[in-house]
file final_13.csv (CSV, C-alpha atoms)
chain,number,residue,atom,x,y,z
I,2,PRO,CA,-1.8,-4.6,54.9
I,3,ASP,CA,0.4,-1.9,56.5
I,4,THR,CA,-2.7,0.0,57.6
I,5,TRP,CA,-4.3,-1.0,60.9
I,6,GLN,CA,-7.6,-2.7,60.5
I,7,LEU,CA,-10.4,-3.0,63.0
I,8,LEU,CA,-12.5,-6.1,62.5
I,9,TYR,CA,-16.1,-5.9,63.8
I,10,TRP,CA,-19.7,-6.3,63.0
I,11,PRO,CA,-21.4,-3.8,60.6
I,12,PRO,CA,-22.6,-0.8,62.8
I,13,TYR,CA,-25.7,-0.3,60.5
I,14,ASP,CA,-27.9,-2.3,58.2
I,15,ALA,CA,-28.7,-1.4,54.6
I,16,SER,CA,-31.4,1.1,55.8
I,17,ARG,CA,-28.9,2.8,58.1
I,18,ASP,CA,-30.6,1.5,61.2
I,19,VAL,CA,-28.3,0.7,64.1
I,20,THR,CA,-27.4,-3.0,64.4
I,21,ALA,CA,-24.1,-3.6,66.2
I,22,GLY,CA,-23.5,0.2,66.5
I,23,ALA,CA,-20.4,1.2,68.3
I,24,GLY,CA,-20.2,-2.0,70.2
I,25,ARG,CA,-17.1,-3.4,71.9
I,26,ALA,CA,-15.0,-2.1,69.0
I,27,GLU,CA,-15.4,1.4,70.5
I,28,TYR,CA,-12.9,0.6,73.2
I,29,LEU,CA,-10.3,0.2,70.4
I,30,ARG,CA,-11.5,3.0,68.2
I,31,VAL,CA,-10.8,5.6,70.8
I,32,ILE,CA,-7.2,4.4,71.1
I,33,PHE,CA,-6.6,4.9,67.4
I,34,GLU,CA,-8.3,8.3,67.5
I,35,GLU,CA,-6.4,9.6,70.5
I,36,ALA,CA,-3.2,8.4,69.1
I,37,ALA,CA,-4.0,9.9,65.7
I,38,VAL,CA,-3.2,6.6,64.0
I,39,PRO,CA,-5.1,5.8,60.7
I,40,TYR,CA,-7.2,2.7,60.7
I,41,GLU,CA,-9.9,1.2,58.6
I,42,GLU,CA,-13.0,-0.7,59.7
I,43,VAL,CA,-13.6,-4.1,58.1
I,44,SER,CA,-17.0,-5.7,58.5
I,45,ALA,CA,-17.5,-7.5,55.2
I,46,ASP,CA,-17.5,-11.3,55.6
I,47,ILE,CA,-17.0,-11.1,59.4
I,48,SER,CA,-19.1,-14.2,60.0
I,49,SER,CA,-17.0,-16.2,57.5
I,50,TYR,CA,-13.7,-15.0,59.0
I,51,PHE,CA,-14.6,-15.9,62.6
I,52,TRP,CA,-16.9,-18.9,62.1
I,53,SER,CA,-17.3,-20.7,58.8
I,54,ARG,CA,-14.0,-20.0,57.0
I,55,LEU,CA,-11.3,-20.3,59.6
I,56,ASP,CA,-8.8,-21.0,56.8
I,57,LEU,CA,-9.0,-17.2,56.1
I,58,GLN,CA,-7.3,-16.5,59.5
I,59,SER,CA,-3.6,-16.5,60.1
I,60,SER,CA,-2.4,-19.8,61.4
I,61,ALA,CA,0.0,-18.1,63.7
I,62,PHE,CA,-2.7,-15.8,65.2
I,63,PRO,CA,-6.1,-17.7,65.4
I,64,VAL,CA,-8.9,-15.6,67.0
I,65,LEU,CA,-12.3,-16.5,68.4
I,66,ALA,CA,-14.6,-13.5,67.8
I,67,PRO,CA,-14.6,-9.8,67.0
I,68,PRO,CA,-13.5,-7.2,67.8
I,69,ALA,CA,-10.0,-7.7,66.6
I,70,VAL,CA,-7.2,-5.6,65.3
I,71,HIS,CA,-5.1,-6.6,62.3
I,72,ARG,CA,-1.9,-5.4,60.8
I,73,GLY,CA,0.4,-7.4,58.6
I,74,ASP,CA,0.4,-11.0,59.8
I,75,VAL,CA,-0.7,-10.1,63.3
I,76,VAL,CA,-4.3,-10.4,64.5
I,77,VAL,CA,-5.2,-9.7,68.2
I,78,ALA,CA,-8.6,-10.2,69.7
I,79,GLN,CA,-10.2,-10.1,73.2
I,80,THR,CA,-11.1,-6.4,73.8
I,81,PRO,CA,-8.9,-5.6,76.9
I,82,VAL,CA,-6.0,-7.5,75.4
I,83,ALA,CA,-6.3,-5.7,72.0
I,84,ALA,CA,-6.6,-2.4,73.9
I,85,LYS,CA,-3.4,-3.0,75.8
I,86,PHE,CA,-1.7,-4.2,72.6
I,87,LEU,CA,-2.6,-0.9,70.9
I,88,ALA,CA,-1.7,1.2,73.9
I,89,VAL,CA,1.8,-0.3,74.0
I,90,HIS,CA,2.3,0.4,70.3
I,91,PHE,CA,1.0,4.0,70.5
I,92,GLY,CA,2.7,5.1,73.8
I,93,LEU,CA,-0.5,5.0,75.9
I,94,TYR,CA,0.7,2.3,78.2
I,95,PRO,CA,2.8,3.0,81.4
I,96,ALA,CA,5.7,0.9,80.1
I,97,ALA,CA,8.3,2.6,82.2
I,98,ALA,CA,6.2,2.4,85.4
I,99,PRO,CA,6.9,-0.2,88.2
I,100,PRO,CA,5.2,-3.6,87.8
I,101,GLU,CA,2.7,-2.7,90.5
I,102,ILE,CA,1.6,0.4,88.6
I,103,GLN,CA,1.2,-1.6,85.4
I,104,ALA,CA,-0.8,-4.2,87.3
I,105,ARG,CA,-3.0,-1.4,88.7
I,106,ALA,CA,-3.6,-0.1,85.2
I,107,ASP,CA,-4.5,-3.6,83.9
I,108,GLN,CA,-6.7,-4.3,86.9
I,109,ILE,CA,-8.8,-1.2,86.2
I,110,VAL,CA,-9.2,-2.1,82.5
I,111,ALA,CA,-10.1,-5.7,83.4
I,112,THR,CA,-12.8,-4.4,85.8
I,113,VAL,CA,-14.2,-2.1,83.1
I,114,HIS,CA,-14.7,-5.1,80.8
I,115,GLU,CA,-16.0,-7.3,83.6
I,116,TYR,CA,-18.6,-4.6,84.3
I,117,ILE,CA,-19.6,-4.4,80.6
I,118,ALA,CA,-19.7,-8.2,80.3
I,119,GLU,CA,-21.9,-8.6,83.4
I,120,GLY,CA,-24.2,-5.8,82.2
I,121,ARG,CA,-24.5,-7.3,78.7
I,122,MET,CA,-25.6,-10.7,80.2
I,123,ALA,CA,-28.5,-8.9,81.9
I,124,PHE,CA,-29.9,-8.1,78.5
I,125,LEU,CA,-29.3,-11.7,77.2
I,126,PRO,CA,-30.4,-14.0,80.0
I,127,VAL,CA,-31.9,-16.8,77.9
I,128,LYS,CA,-29.1,-17.2,75.4
I,129,ASN,CA,-26.3,-14.8,74.7
I,130,THR,CA,-26.2,-15.7,71.0
I,131,MET,CA,-29.9,-14.5,70.6
I,132,SER,CA,-30.8,-10.9,70.0
I,133,TYR,CA,-32.1,-8.9,73.0
I,134,HIS,CA,-35.2,-8.3,71.0
I,135,GLN,CA,-36.0,-12.1,71.1
I,136,GLN,CA,-35.9,-12.1,74.9
I,137,VAL,CA,-37.1,-8.7,76.0
I,138,GLN,CA,-39.6,-9.9,78.6
I,139,ALA,CA,-37.2,-12.5,80.1
I,140,ALA,CA,-34.5,-9.9,80.3
I,141,LYS,CA,-36.6,-7.3,82.2
I,142,PRO,CA,-36.1,-8.5,85.8
I,143,TYR,CA,-32.3,-9.0,85.1
I,144,ILE,CA,-31.9,-5.6,83.7
I,145,ASP,CA,-33.9,-4.0,86.6
I,146,ALA,CA,-31.8,-5.9,89.1
I,147,PHE,CA,-28.5,-4.9,87.5
I,148,LYS,CA,-29.5,-1.3,87.4
I,149,ALA,CA,-30.6,-1.3,91.0
I,150,GLU,CA,-27.8,-3.3,92.5
I,151,ARG,CA,-24.8,-3.8,90.3
I,152,LEU,CA,-24.6,-0.5,88.5
I,153,PRO,CA,-24.2,1.6,91.7
I,154,ARG,CA,-21.8,-0.8,93.2
I,155,TYR,CA,-19.5,-0.8,90.1
I,156,MET,CA,-19.7,3.0,89.7
I,157,ALA,CA,-18.9,3.5,93.4
I,158,HIS,CA,-15.9,1.2,93.0
I,159,PHE,CA,-14.6,3.1,89.9
I,160,GLU,CA,-15.0,6.3,91.9
I,161,ARG,CA,-12.8,4.8,94.6
I,162,LEU,CA,-10.3,3.6,92.1
I,163,PHE,CA,-10.1,7.1,90.6
I,164,LEU,CA,-9.6,8.8,94.0
I,165,ALA,CA,-6.9,6.4,95.0
I,166,ALA,CA,-4.4,8.2,92.7
I,167,PRO,CA,-5.0,12.0,93.1
I,168,GLY,CA,-4.8,13.8,89.8
I,169,PRO,CA,-6.9,14.4,86.7
I,170,TYR,CA,-6.7,10.7,85.5
I,171,PHE,CA,-7.0,7.2,86.9
I,172,LEU,CA,-3.2,7.0,87.4
I,173,GLY,CA,-2.8,10.6,88.6
I,174,ASP,CA,-1.2,12.9,86.1
I,175,ALA,CA,-0.5,10.2,83.5
I,176,PHE,CA,-3.1,10.0,80.7
I,177,ILE,CA,-3.1,6.4,79.5
I,178,TYR,CA,-5.3,3.7,77.9
I,179,VAL,CA,-7.1,3.2,81.2
I,180,ASP,CA,-8.8,6.5,80.8
I,181,LEU,CA,-9.9,5.8,77.3
I,182,GLN,CA,-11.5,2.5,78.4
I,183,ALA,CA,-13.2,4.4,81.2
I,184,LEU,CA,-14.4,7.0,78.7
I,185,VAL,CA,-16.3,4.5,76.7
I,186,MET,CA,-17.6,2.7,79.8
I,187,LEU,CA,-19.0,5.9,81.2
I,188,GLN,CA,-20.5,7.0,77.8
I,189,VAL,CA,-22.3,3.7,77.4
I,190,THR,CA,-23.5,3.7,81.0
I,191,LYS,CA,-24.9,7.2,80.6
I,192,PHE,CA,-26.5,6.3,77.2
I,193,GLN,CA,-28.0,3.0,78.4
I,194,TRP,CA,-29.5,4.4,81.6
I,195,PRO,CA,-30.1,8.1,81.3
I,196,ASP,CA,-32.7,7.9,84.1
I,197,ALA,CA,-30.2,6.4,86.5
I,198,TRP,CA,-27.1,8.5,85.5
I,199,PRO,CA,-28.1,11.7,87.4
I,200,GLY,CA,-28.6,9.8,90.6
I,201,LEU,CA,-25.3,8.1,90.6
I,202,ASP,CA,-23.1,9.7,93.3
I,203,VAL,CA,-19.8,9.7,91.4
I,204,PRO,CA,-18.9,13.3,90.9
I,205,ASN,CA,-15.3,12.6,90.0
I,206,LEU,CA,-16.2,10.1,87.3
I,207,LYS,CA,-18.7,12.5,85.8
I,208,ALA,CA,-16.1,15.3,85.8
I,209,LEU,CA,-13.6,12.9,84.2
I,210,LEU,CA,-16.0,12.0,81.5
I,211,GLU,CA,-16.4,15.7,80.6
I,212,ARG,CA,-12.6,16.2,80.6
I,213,LEU,CA,-12.0,13.2,78.4
I,214,GLU,CA,-14.7,14.2,75.9
I,215,ALA,CA,-13.1,17.6,75.7
I,216,ARG,CA,-9.7,16.3,74.7
I,217,PRO,CA,-9.1,17.8,71.2
I,218,ARG,CA,-8.8,14.5,69.3
I,219,ILE,CA,-11.6,12.8,71.1
I,220,ALA,CA,-13.9,15.8,70.7
I,221,ALA,CA,-13.1,15.8,66.9
I,222,TYR,CA,-13.8,12.1,66.8
I,223,LEU,CA,-17.1,12.4,68.6
I,224,ALA,CA,-18.3,15.1,66.2
I,225,SER,CA,-17.2,13.0,63.1
I,226,PRO,CA,-19.1,10.4,61.0
I,227,ARG,CA,-16.6,7.8,62.3
I,228,LYS,CA,-18.4,7.9,65.7
I,229,HIS,CA,-21.2,5.3,65.7
I,230,SER,CA,-24.2,5.4,68.0
I,231,PHE,CA,-24.4,2.8,70.8
I,232,ALA,CA,-27.0,0.1,70.0
I,233,GLY,CA,-28.7,0.5,73.3
I,234,ASP,CA,-29.9,-3.1,73.5
I,235,SER,CA,-27.0,-5.0,75.1
I,236,PHE,CA,-25.0,-2.4,77.0
I,237,MET,CA,-22.9,-1.7,73.9

call {"tool": "encode", "arguments": {"input": "final_13.csv", "output": "structure tokens"}}
result
Amino acid sequence: PDTWQLLYWPPYDASRDVTAGAGRAEYLRVIFEEAAVPYEEVSADISSYFWSRLDLQSSAFPVLAPPAVHRGDVVVAQTPVAAKFLAVHFGLYPAAAPPEIQARADQIVATVHEYIAEGRMAFLPVKNTMSYHQQVQAAKPYIDAFKAERLPRYMAHFERLFLAAPGPYFLGDAFIYVDLQALVMLQVTKFQWPDAWPGLDVPNLKALLERLEARPRIAAYLASPRKHSFAGDSFM
């Protein structure tokens, strides 16, 4: 199809209870939304497409797991890679910047997704293909340890990254996909740990979150039915 498709798990079940919720696909949704590019979410037969019916995939672009973006014959997965792919297409990547600035942008995004992946594993210590609700007691000490030790370390590091390039955004005056990845990261952190959020000494990140949520297209998206709730059970 000519329309961009976002392939991901269903956000809700038949009773409208949150299942996957916003999930990792949120890091891609915000790029579409900020760029004002139409897209459709596809969740039907996701298991078949990624697991049992691999013949449904493009032989030129095999992919492992959702989320993925699809247009025409091209399918791109792995969240940070798909985010960069969209950013390049939609003018949200610093394509004209020197290689070291591009590397800096990609480094920040890679760290965002490293943080999310590490946090997610705290909720799934027994087996990452099991639901959090099947390992709640086993997960508790890992979640407590992550919140006490890793959460403040990561947030302090992102604060330093932000301050390294003076300006309203992570790369100074240039608003790019890095800031959109940080937007979702900060939102899910605040959602997952509302008790810890006020005590995090990251005033610049908190101010950034407010600025990003106030951007006209992002604010309209957040107020729309297209915005799904975070699941709250796996740092997504």

call {"tool": "closest_residue", "arguments": {"input": "final_13.csv", "among": "I:Val75, I:Ala197, I:Tyr28, I:Ala221", "to": "Ser59 in chain I", "atoms": "only C-alpha atoms"}}
result
I:Val75

call {"tool": "residues_around", "arguments": {"input": "final_13.csv", "residues": "Asp107 in chain I", "least_positions_apart": "2", "cutoff": "12 Å", "atoms": "all atoms listed in the file", "output": "PyMOL selection string"}}
result
chain I and resi 81-82+84-86+88+94-96+100-105+109-114+171-172+177-180+182

call {"tool": "write_last_selection", "arguments": {"input": "final_13.csv", "atoms": "C-alpha atoms", "output": "compact mmCIF listing (two decimals), keeping the file's coordinate frame"}}
result
# COMPACT_ATOMS: atom_id res chain seq x y z
CA PRO I 81 -8.90 -5.60 76.90
CA VAL I 82 -6.00 -7.50 75.40
CA ALA I 84 -6.60 -2.40 73.90
CA LYS I 85 -3.40 -3.00 75.80
CA PHE I 86 -1.70 -4.20 72.60
CA ALA I 88 -1.70 1.20 73.90
CA TYR I 94 0.70 2.30 78.20
CA PRO I 95 2.80 3.00 81.40
CA ALA I 96 5.70 0.90 80.10
CA PRO I 100 5.20 -3.60 87.80
CA GLU I 101 2.70 -2.70 90.50
CA ILE I 102 1.60 0.40 88.60
CA GLN I 103 1.20 -1.60 85.40
CA ALA I 104 -0.80 -4.20 87.30
CA ARG I 105 -3.00 -1.40 88.70
CA ILE I 109 -8.80 -1.20 86.20
CA VAL I 110 -9.20 -2.10 82.50
CA ALA I 111 -10.10 -5.70 83.40
CA THR I 112 -12.80 -4.40 85.80
CA VAL I 113 -14.20 -2.10 83.10
CA HIS I 114 -14.70 -5.10 80.80
CA PHE I 171 -7.00 7.20 86.90
CA LEU I 172 -3.20 7.00 87.40
CA ILE I 177 -3.10 6.40 79.50
CA TYR I 178 -5.30 3.70 77.90
CA VAL I 179 -7.10 3.20 81.20
CA ASP I 180 -8.80 6.50 80.80
CA GLN I 182 -11.50 2.50 78.40

call {"tool": "residues_around", "arguments": {"input": "final_13.csv", "residues": "Ser60 in chain I", "least_positions_apart": "3", "cutoff": "12 Å", "atoms": "all atoms listed in the file", "output": "ChimeraX atom specification"}}
result
/I:55-57,63-64,74-76

call {"tool": "residues_around", "arguments": {"input": "final_13.csv", "residues": "Leu209 in chain I", "least_positions_apart": "3", "cutoff": "10 Å", "atoms": "only C-alpha atoms", "output": "list in words"}}
result
Phe163, Pro169, Tyr170, Phe171, Asp180, Ala183, Leu184, Leu187, Pro204, Asn205, Leu206, Arg212, Leu213, Glu214 and Ala215 of chain I

call {"tool": "atom_distance", "arguments": {"input": "final_13.csv", "atom1": "CA of Ser235 in chain I", "atom2": "CA of Ile117 in chain I"}}
result
9.2 Å

call {"tool": "closest_residue", "arguments": {"input": "final_13.csv", "among": "I:Asp3, I:Asp234, I:Ala61, I:Lys207", "to": "Ala140 in chain I", "atoms": "all atoms listed in the file"}}
result
I:Asp234
